[in-house]
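Text of the file work-v2.txt, holding compact mmCIF, C-alpha atoms:
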# COMPACT_ATOMS: atom_id res chain seq x y z
CA GLU A 1 2.01 -19.32 12.59
CA THR A 2 0.93 -15.80 11.82
CA GLY A 3 0.52 -13.78 8.64
CA VAL A 4 1.07 -15.38 5.27
CA THR A 5 3.31 -18.44 4.95
CA GLN A 6 4.65 -20.08 1.82
CA THR A 7 6.25 -23.47 1.27
CA PRO A 8 8.71 -24.43 0.03
CA ARG A 9 10.95 -21.39 0.29
CA HIS A 10 13.24 -22.69 -2.43
CA LEU A 11 12.51 -25.13 -5.25
CA VAL A 12 14.64 -26.48 -8.06
CA MET A 13 12.86 -28.51 -10.71
CA GLY A 14 13.41 -29.91 -14.15
CA MET A 15 11.27 -29.00 -17.11
CA THR A 16 9.43 -32.34 -17.00
CA ASN A 17 8.69 -32.25 -13.26
CA LYS A 18 5.37 -31.53 -11.59
CA LYS A 19 5.47 -29.59 -8.35
CA SER A 20 3.16 -27.44 -6.26
CA LEU A 21 3.65 -24.24 -4.29
CA LYS A 22 1.58 -23.77 -1.17
CA CYS A 23 0.37 -20.59 0.50
CA GLU A 24 -1.54 -20.29 3.76
CA GLN A 25 -2.90 -17.15 5.38
CA HIS A 26 -3.81 -16.87 9.06
CA LEU A 27 -5.39 -13.41 8.83
CA GLY A 28 -9.02 -14.31 8.18
CA HIS A 29 -8.88 -12.75 4.72
CA ASN A 30 -11.16 -13.59 1.82
CA ALA A 31 -8.93 -12.74 -1.14
CA MET A 32 -5.67 -14.40 -2.16
CA TYR A 33 -3.21 -13.64 -4.93
CA TRP A 34 -0.26 -15.13 -6.80
CA TYR A 35 2.46 -12.80 -8.07
CA LYS A 36 5.62 -13.48 -10.06
CA GLN A 37 8.78 -11.45 -9.72
CA SER A 38 11.47 -12.09 -12.31
CA ALA A 39 14.95 -10.64 -11.96
CA LYS A 40 15.05 -6.86 -12.45
CA LYS A 41 11.32 -6.78 -13.29
CA PRO A 42 8.28 -5.55 -11.39
CA LEU A 43 5.96 -7.87 -9.52
CA GLU A 44 3.38 -9.22 -11.95
CA LEU A 45 -0.06 -10.30 -10.81
CA MET A 46 -0.89 -13.83 -11.97
CA PHE A 47 -4.15 -14.86 -10.30
CA VAL A 48 -6.72 -13.46 -7.89
CA TYR A 49 -9.15 -15.51 -5.83
CA ASN A 50 -12.03 -13.90 -3.96
CA PHE A 51 -14.05 -16.13 -1.60
CA LYS A 52 -12.46 -19.18 -3.32
CA GLU A 53 -13.56 -18.04 -6.78
CA GLN A 54 -10.98 -17.07 -9.37
CA THR A 55 -11.65 -13.48 -10.40
CA GLU A 56 -8.50 -12.69 -12.33
CA ASN A 57 -6.22 -14.64 -14.64
CA ASN A 58 -3.64 -12.26 -15.98
CA SER A 59 -2.97 -14.16 -19.23
CA VAL A 60 -0.92 -16.78 -17.42
CA PRO A 61 0.22 -19.86 -19.44
CA SER A 62 -1.67 -23.06 -18.66
CA ARG A 63 1.48 -24.71 -17.29
CA PHE A 64 0.62 -22.71 -14.13
CA SER A 65 -2.57 -24.01 -12.52
CA PRO A 66 -3.92 -22.37 -9.36
CA GLU A 67 -6.17 -24.01 -6.81
CA CYS A 68 -7.99 -22.40 -3.90
CA PRO A 69 -9.77 -25.04 -1.80
CA ASN A 70 -10.75 -22.52 0.89
CA SER A 71 -10.13 -18.90 1.79
CA SER A 72 -7.05 -19.77 3.83
CA HIS A 73 -5.15 -21.90 1.33
CA LEU A 74 -3.86 -21.27 -2.17
CA PHE A 75 -1.81 -23.58 -4.35
CA LEU A 76 0.07 -23.08 -7.58
CA HIS A 77 0.54 -26.33 -9.49
CA LEU A 78 3.48 -26.34 -11.87
CA HIS A 79 4.08 -28.67 -14.81
CA THR A 80 6.35 -28.66 -17.86
CA LEU A 81 7.83 -25.30 -16.91
CA GLN A 82 10.46 -23.46 -18.93
CA PRO A 83 13.76 -21.99 -17.67
CA GLU A 84 12.30 -18.48 -18.14
CA ASP A 85 9.73 -19.36 -15.47
CA SER A 86 12.52 -19.18 -12.89
CA ALA A 87 11.49 -16.37 -10.54
CA LEU A 88 10.30 -15.47 -7.06
CA TYR A 89 6.65 -16.45 -6.62
CA LEU A 90 4.84 -14.43 -4.01
CA CYS A 91 1.49 -15.10 -2.43
CA ALA A 92 -0.59 -12.34 -0.85
CA SER A 93 -3.93 -12.01 0.88
CA SER A 94 -6.31 -9.18 1.71
CA HIS A 95 -9.63 -8.73 3.45
CA ARG A 96 -11.42 -8.37 0.12
CA SER A 97 -10.16 -8.03 -3.43
CA GLY A 98 -10.82 -4.31 -3.66
CA SER A 99 -7.87 -2.24 -4.77
CA THR A 100 -7.78 -0.29 -1.51
CA ASP A 101 -7.59 -3.42 0.64
CA THR A 102 -4.04 -3.77 1.88
CA GLN A 103 -2.37 -6.87 0.57
CA TYR A 104 -0.16 -8.85 2.93
CA PHE A 105 2.61 -10.84 1.30
CA GLY A 106 4.28 -14.09 2.16
CA PRO A 107 8.08 -14.49 1.97
CA GLY A 108 7.94 -16.09 -1.47
CA THR A 109 9.18 -19.27 -3.10
CA ARG A 110 12.40 -18.95 -5.11
CA LEU A 111 11.88 -21.25 -8.11
CA THR A 112 14.65 -22.39 -10.41
CA VAL A 113 13.77 -24.37 -13.52
CA LEU A 114 16.65 -26.31 -15.04
CA ASP B 115 4.77 -1.19 -21.80
CA GLN B 116 5.40 -0.44 -18.16
CA GLN B 117 2.65 1.64 -16.58
CA VAL B 118 4.51 2.29 -13.32
CA LYS B 119 8.18 3.20 -13.43
CA GLN B 120 10.82 3.72 -10.81
CA ASN B 121 13.73 5.06 -12.78
CA SER B 122 16.31 4.92 -10.00
CA PRO B 123 17.31 1.33 -9.24
CA SER B 124 19.26 2.44 -6.16
CA LEU B 125 19.68 5.34 -3.75
CA SER B 126 22.23 5.92 -1.01
CA VAL B 127 21.57 8.38 1.82
CA GLN B 128 23.32 9.34 5.05
CA GLU B 129 21.57 8.53 8.32
CA GLY B 130 19.48 11.45 9.55
CA ARG B 131 19.05 12.98 6.10
CA ILE B 132 16.00 12.86 3.86
CA SER B 133 15.42 9.98 1.43
CA ILE B 134 13.30 10.76 -1.61
CA LEU B 135 12.09 7.89 -3.76
CA ASN B 136 10.34 8.67 -7.01
CA CYS B 137 7.73 6.94 -9.12
CA ASP B 138 6.10 7.85 -12.43
CA TYR B 139 2.98 6.38 -13.99
CA THR B 140 1.38 6.59 -17.40
CA ASN B 141 -2.22 5.46 -16.83
CA SER B 142 -4.36 8.48 -15.97
CA MET B 143 -7.09 6.13 -14.69
CA PHE B 144 -4.97 5.09 -11.69
CA ASP B 145 -6.60 6.50 -8.59
CA TYR B 146 -4.93 4.73 -5.69
CA PHE B 147 -1.21 4.50 -5.02
CA LEU B 148 0.81 2.53 -2.52
CA TRP B 149 4.37 2.08 -1.37
CA TYR B 150 5.66 -1.29 -0.22
CA LYS B 151 8.98 -2.05 1.45
CA LYS B 152 10.86 -5.32 1.03
CA TYR B 153 13.72 -6.75 3.05
CA PRO B 154 15.80 -9.63 1.65
CA ALA B 155 14.18 -13.06 2.11
CA GLU B 156 10.88 -11.46 3.14
CA GLY B 157 7.75 -10.53 1.23
CA PRO B 158 6.85 -6.88 0.56
CA THR B 159 5.14 -5.09 3.46
CA PHE B 160 2.69 -2.24 3.06
CA LEU B 161 4.10 1.14 4.05
CA ILE B 162 1.76 3.97 3.07
CA SER B 163 -0.91 4.77 0.49
CA ILE B 164 -2.63 7.76 -1.08
CA SER B 165 -5.89 8.25 -2.90
CA SER B 166 -6.00 10.47 -5.98
CA ILE B 167 -8.28 12.90 -4.17
CA LYS B 168 -5.33 13.88 -1.98
CA ASP B 169 -1.92 15.26 -2.80
CA LYS B 170 -0.19 14.34 0.44
CA ASN B 171 -0.41 11.66 3.09
CA GLU B 172 1.80 11.50 6.14
CA ASP B 173 2.51 8.69 8.59
CA GLY B 174 5.28 9.36 11.06
CA ARG B 175 8.58 9.65 9.22
CA PHE B 176 6.97 8.70 5.91
CA THR B 177 5.17 11.11 3.58
CA VAL B 178 3.83 10.35 0.13
CA PHE B 179 3.24 13.19 -2.34
CA LEU B 180 1.07 12.86 -5.42
CA ASN B 181 1.28 15.19 -8.43
CA LYS B 182 -1.55 14.09 -10.71
CA SER B 183 -0.80 16.54 -13.49
CA ALA B 184 2.74 15.21 -13.73
CA LYS B 185 1.65 11.61 -13.05
CA HIS B 186 4.33 11.46 -10.41
CA LEU B 187 4.50 10.38 -6.81
CA SER B 188 7.28 10.41 -4.31
CA LEU B 189 8.02 8.93 -0.91
CA HIS B 190 9.91 11.05 1.59
CA ILE B 191 11.56 9.46 4.63
CA VAL B 192 12.72 11.94 7.27
CA PRO B 193 14.95 11.32 9.12
CA SER B 194 16.36 8.26 7.37
CA GLN B 195 17.54 5.40 9.58
CA PRO B 196 19.79 2.41 8.78
CA GLY B 197 16.78 0.12 9.36
CA ASP B 198 15.08 1.80 6.41
CA SER B 199 17.57 0.12 4.06
CA ALA B 200 15.39 -2.06 1.81
CA VAL B 201 13.84 -2.20 -1.65
CA TYR B 202 10.88 0.15 -2.03
CA PHE B 203 8.14 -0.63 -4.54
CA CYS B 204 5.62 1.84 -5.84
CA ALA B 205 2.24 0.38 -6.90
CA ALA B 206 -0.92 1.77 -8.47
CA SER B 207 -4.46 0.59 -9.04
CA GLU B 208 -7.46 1.69 -11.03
CA GLY B 209 -10.85 1.90 -9.35
CA GLU B 210 -11.66 0.59 -5.92
CA TYR B 211 -13.48 -2.50 -7.13
CA ASN B 212 -13.32 -2.37 -10.90
CA GLN B 213 -9.94 -3.99 -11.18
CA GLY B 214 -10.41 -6.61 -8.48
CA GLY B 215 -7.36 -5.78 -6.44
CA LYS B 216 -5.05 -5.54 -9.43
CA LEU B 217 -1.94 -3.67 -8.37
CA ILE B 218 0.61 -2.58 -10.97
CA PHE B 219 4.08 -2.43 -9.47
CA GLY B 220 7.23 -0.54 -10.37
CA GLN B 221 10.61 -2.27 -10.56
CA GLY B 222 11.69 -1.09 -7.13
CA THR B 223 14.40 1.22 -5.76
CA GLU B 224 16.99 -0.15 -3.38
CA LEU B 225 17.58 2.33 -0.57
CA SER B 226 20.77 2.16 1.45
CA VAL B 227 21.02 4.35 4.56
CA LYS B 228 24.60 4.72 5.75
CA PRO B 229 25.31 5.22 9.49
Can you turn what I pasted into structure tokens?
Amino acid sequence: ETGVTQTPRHLVMGMTNKKSLKCEQHLGHNAMYWYKQSAKKPLELMFVYNFKEQTENNSVPSRFSPECPNSSHLFLHLHTLQPEDSALYLCASSHRSGSTDTQYFGPGTRLTVL
Amino acid sequence: DQQVKQNSPSLSVQEGRISILNCDYTNSMFDYFLWYKKYPAEGPTFLISISSIKDKNEDGRFTVFLNKSAKHLSLHIVPSQPGDSAVYFCAASEGEYNQGGKLIFGQGTELSVKP
């Protein structure tokens, strides 16, 4: 595997379910990111991790819980989501978390909340 | 309030001609700008960037122009090829380290290059 991978690619869940999204980067980067892209809206940054430490939480509701056990893996734990949380969730990584460090994106997880 | 705007949701261009994608921003503190390209079922891929100390950056067929006074940047693709058909996102950031990698994205423009 190369680059940034995300699993699952598609997920349908009910509002009472608990699920997790997984991201793995094979680029030796130290920073990882979660983004949300809703229909017809720009990508919105959710969380930033730098050397496993969370450095940014962009006012994300607590029903989204990130976890970064090491610099290569990033999870997004989901519980009691709402239908408006249906979106494409993208993971990215970069060498560092500086703004000029190119971010490399995974293919995304298409989430549908029923 | 959206700080980065791409007002054209779509653009159609003939193969071989120039494609011009536009982006406007409102935050005068933005000092680094990027363009990403996204194919269906794939994540965005970095295309080209420009620092606010420059007004032009060129990479092969792709050139980004920055007009700071107008808070406007554009991406020129010459000549356009059918493989360039994708959604193009403009993004901006403020300060190399101050914002911790926080990119603000536009909504995207879908480019279609007709053979």
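Using only C-alpha atoms, we find that the part of chain A lying within 8 Å of chain B comprises Lys40, Lys41, Pro42, Leu43, Glu44, Leu45, Val48, Thr55, Glu56, Leu90, Ser97, Gly98, Ser99, Thr100, Asp101, Thr102, Gln103, Tyr104, Phe105, Gly106, Pro107 and Gly108 of chain A.
Here atom CA of Arg175 of chain B stands at a distance of 14.9 Å from atom CA of Tyr202 of chain B.
The two atoms in question, atom CA of Tyr49 of chain A and atom CA of His29 of chain A, are spaced 10.9 Å apart.
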Give me the segment 149-191 of chain B side of the contact with segment 126-144 of chain B, cut-off 9 Å, one line per residue showing its nearest atom pair and distance in Å at one decimal, counting only C-alpha atoms, sorted by chain and residue number, as a tab-separated table.
residue	atom	partner	partner_atom	distance
B:Ser166	CA	B:Phe144	CA	7.9
B:Lys182	CA	B:Ser142	CA	8.2
B:Ala184	CA	B:Asp138	CA	8.2
B:Lys185	CA	B:Tyr139	CA	5.5
B:His186	CA	B:Asp138	CA	4.5
B:Leu187	CA	B:Cys137	CA	5.3
B:Ser188	CA	B:Asn136	CA	4.4
B:Leu189	CA	B:Leu135	CA	5.1
B:His190	CA	B:Ile134	CA	4.7
B:Ile191	CA	B:Ser133	CA	5.0
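Counting from atom CA of Asn17 of chain A, the distance to atom CA of Leu78 of chain A is 8.0 Å.
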For each of A:Gln6, A:Lys18, A:Tyr35, A:Thr80, take the minimum atom-to-atom distance to Phe47 of chain A, counting only C-alpha atoms, then give the residue where this is smallest. A:Tyr35
Using the file's own x, y and z axes, so that the box edges lie along x, y and z, what centre and edge lengths in Å (one decimal) does a box around every listed atom of segment 116-130 of chain B get when 3 Å is added on each side? Give it as lines of an AutoDock Vina configuration file.
center_x = 13.0
center_y = 5.5
center_z = -4.3
size_x = 26.7
size_y = 17.9
size_z = 33.7
Kindly reconstruct segment 41-58 of chain A with N, CA, C and O atoms and present the result as a CSV table (one decimal), in the coordinates of the input.
chain,number,residue,atom,x,y,z
A,41,LYS,N,12.6,-7.1,-12.7
A,41,LYS,CA,11.3,-6.8,-13.3
A,41,LYS,C,10.3,-6.5,-12.2
A,41,LYS,O,10.5,-7.0,-11.0
A,42,PRO,N,9.3,-5.8,-12.4
A,42,PRO,CA,8.3,-5.6,-11.4
A,42,PRO,C,7.5,-6.8,-11.0
A,42,PRO,O,7.5,-7.8,-11.8
A,43,LEU,N,6.9,-6.8,-9.9
A,43,LEU,CA,6.0,-7.9,-9.5
A,43,LEU,C,4.8,-7.9,-10.5
A,43,LEU,O,4.3,-6.8,-10.9
A,44,GLU,N,4.5,-9.1,-11.0
A,44,GLU,CA,3.4,-9.2,-12.0
A,44,GLU,C,2.3,-10.1,-11.3
A,44,GLU,O,2.5,-11.2,-10.9
A,45,LEU,N,1.1,-9.5,-11.3
A,45,LEU,CA,-0.1,-10.3,-10.8
A,45,LEU,C,-0.4,-11.5,-11.8
A,45,LEU,O,-0.4,-11.3,-13.0
A,46,MET,N,-0.6,-12.7,-11.2
A,46,MET,CA,-0.9,-13.8,-12.0
A,46,MET,C,-2.4,-14.2,-11.8
A,46,MET,O,-3.1,-14.3,-12.8
A,47,PHE,N,-2.8,-14.4,-10.6
A,47,PHE,CA,-4.2,-14.9,-10.3
A,47,PHE,C,-4.7,-14.1,-9.1
A,47,PHE,O,-3.9,-13.8,-8.2
A,48,VAL,N,-6.0,-14.0,-9.1
A,48,VAL,CA,-6.7,-13.5,-7.9
A,48,VAL,C,-7.9,-14.4,-7.6
A,48,VAL,O,-8.6,-14.8,-8.5
A,49,TYR,N,-8.0,-14.7,-6.3
A,49,TYR,CA,-9.2,-15.5,-5.8
A,49,TYR,C,-9.9,-14.7,-4.8
A,49,TYR,O,-9.3,-14.1,-3.9
A,50,ASN,N,-11.2,-14.6,-4.9
A,50,ASN,CA,-12.0,-13.9,-4.0
A,50,ASN,C,-13.1,-14.9,-3.5
A,50,ASN,O,-13.9,-15.4,-4.3
A,51,PHE,N,-13.1,-15.1,-2.2
A,51,PHE,CA,-14.0,-16.1,-1.6
A,51,PHE,C,-14.0,-17.4,-2.4
A,51,PHE,O,-15.0,-18.0,-2.8
A,52,LYS,N,-12.8,-17.9,-2.6
A,52,LYS,CA,-12.5,-19.2,-3.3
A,52,LYS,C,-12.7,-19.2,-4.8
A,52,LYS,O,-12.5,-20.2,-5.5
A,53,GLU,N,-13.3,-18.1,-5.3
A,53,GLU,CA,-13.6,-18.0,-6.8
A,53,GLU,C,-12.5,-17.3,-7.5
A,53,GLU,O,-12.1,-16.1,-7.1
A,54,GLN,N,-12.0,-17.8,-8.6
A,54,GLN,CA,-11.0,-17.1,-9.4
A,54,GLN,C,-11.6,-15.9,-10.1
A,54,GLN,O,-12.6,-16.0,-10.8
A,55,THR,N,-11.1,-14.7,-9.8
A,55,THR,CA,-11.6,-13.5,-10.4
A,55,THR,C,-10.7,-12.8,-11.4
A,55,THR,O,-11.0,-11.8,-12.0
A,56,GLU,N,-9.5,-13.3,-11.4
A,56,GLU,CA,-8.5,-12.7,-12.3
A,56,GLU,C,-7.5,-13.7,-12.8
A,56,GLU,O,-7.0,-14.5,-12.0
A,57,ASN,N,-7.3,-13.8,-14.1
A,57,ASN,CA,-6.2,-14.6,-14.6
A,57,ASN,C,-5.5,-13.7,-15.6
A,57,ASN,O,-6.0,-13.4,-16.7
A,58,ASN,N,-4.3,-13.3,-15.2
A,58,ASN,CA,-3.6,-12.3,-16.0
A,58,ASN,C,-2.9,-12.9,-17.1
A,58,ASN,O,-1.6,-12.7,-17.2
